[in-house]
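Working notes, beginning with the structure itself.
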Amino acid sequence: MTFGILALVALAGILGPLLGARVSWHVPVVVGELAAGVVFGVTGFGLLDSSDQTFTFLADIGFALTMMVAGSHVPVRDPAVRAAIGKGAVRSVVVGLLSVVAGYGAATAFGTGHAALYAVLIASSSAALILPIVDSLGLGGTSVLQMTAQVAIADTVCIVALPLVIDPDNAPRAGVGALAVAACAVALFFVLRAFHRSGHWRKLHKFSEKRKFALELRINLVILFSLAALASSTHVSIMLAGFAFGLVLAAIGEPRRLAKQLFAITDGFFAPLFFVWLGAAINLRDLVTHPSAIWLGLVLGGATLVVHAAIRVLGLPLPLSVLSAAQLGVPVAAVTVGTQLGVMGDGEPAAILLAAMITIGAATLAGAAASKAGLTKPV
């Protein structure tokens with residue numbers, strides 16, 4: 001890893017904002033960053049070596065920060081969303097049951113043996129992707145709140161379940177590690193909440209702001225990296241550590257100053273670096289040499305849309321049902337962890353990302369349809 005390579009990575013990361021600049025397209029920034037990684041990585045010109053240890057470690061930091069930000073976007077403090085949890089939970093359970101059937105069918109048809117993984121992928125929803133679409137289109141009302149609750153539940157459950165299903169042989173060990181991370185996150189919640197309620201955090205904030213010390217950011221990075229260290233030592237993906245700490249921040253109420261600081265280091269550098277690294281690591285040529293991977297991606301993407309659209313029968317409008325199928329965090333995490341563990345077949349990572357792109361495209365159209373259907377906040 002050299003400064004020249006780092007400059008190339010930073011330059012590649014700019015493609016994300018360029019594609020996402022047009023609001024009407026609703027193209028997630030990460031799509032451009034992944035595409036840039038593909039162009040400069042093993043699929044394209046081979047200028048970026050994803051196996052470089054320094055590059056990989058920096059990407060791991062970006063992975064942890066990205067999952068922390070995703071967790072902080074889960075609206076656990078919104079009273080309206082909490083009131084809609086009942087119906088959201090029921091719909092999540094129905095989606096989960098249908099996903100098990102669809103995942104088993106896909107794994108059997110393609111002979112991959114990853115039925116549980118596919119079930120989690122199909123059942124997942126991305127709060128970090130869906131909520132910005134809801135906000136940008138001004139969607140609102142009871143149905144939107146119920147969908148938001150459903151998405152929050154699915155996102156959380158699938159993130160927790162992913163480490164357990166991606167490597168079934170080590171599931172017991174991963175389960176113990178996941179419990180350890182979860183226990184620490186719960187303890188952190190009570191400690192930090194007490195610190196906030198006592199007024200000490202406010203005093204720390206004022207002192208840090210006056211002296212320009214950025215203490216909130218430093219402390220939260222210490223906590224995040226400590227959880228990541230615990231996850232690594234217990235053979236659990238740092239994905240869970242980042243997401244768990246993000247949920248803690250969401251439950252306490254992330255200060256605006258801290259949110260801005262996290263946005264700067266995450267979206268400004270580490271997240272683009274992670275997604276460029278991920279794109280560089282995926283060999284899309286496998287889709288050509290293994291045409292079945294294309295069909296796998298189409299089947300997974302199609303199954304996700306069908307399963308989520310099926311909850312229309314439970315009263316959720318069809319555009320919102322399809323919008324709830326948008327996924328990115330769980331597929332990206334699955335590809336990242338699966339690639340690191342070497343448990344995926346040829347072309348399978350590319351197929352999973354293809355499926356995710358299908359859901360993103362469909363969700364973009366569904367969001368526009370929901371807006372036209374009048375599923376917006378009252379003026």
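Order determines the names: the first chain of the structure tokens is A, the second B, and so forth; residues in each chain are numbered 1 upward, and ligands are numbered 1 upward as they are shown.
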Using DSSP assignments from the backbone, pull out every residue in region 19-209 of chain A that falls under helix (DSSP H, G or I) and give it to me as a count of residues only.
153
Can you tell me which residues surround Arg77 (chain A) at a distance of at most 10 Å, considering only C-alpha atoms, apart from same-chain residues fewer than 6 positions away, and format the answer as a PyMOL selection string?
chain A and resi 250-253
Under the rule that only C-alpha atoms are counted, which of A:Thr148, A:Thr376, A:Ser124, A:Thr266 is the nearest residue to Val74 (chain A)?
A:Thr148
Let me make sure I understand: among A:Gly342, A:Gly111, A:Gly103, A:Pro317, which one has the smallest atom-to-atom distance to Met147 (chain A) if we use only C-alpha atoms?
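Closest to Met147 (chain A), using only C-alpha atoms: A:Pro317.
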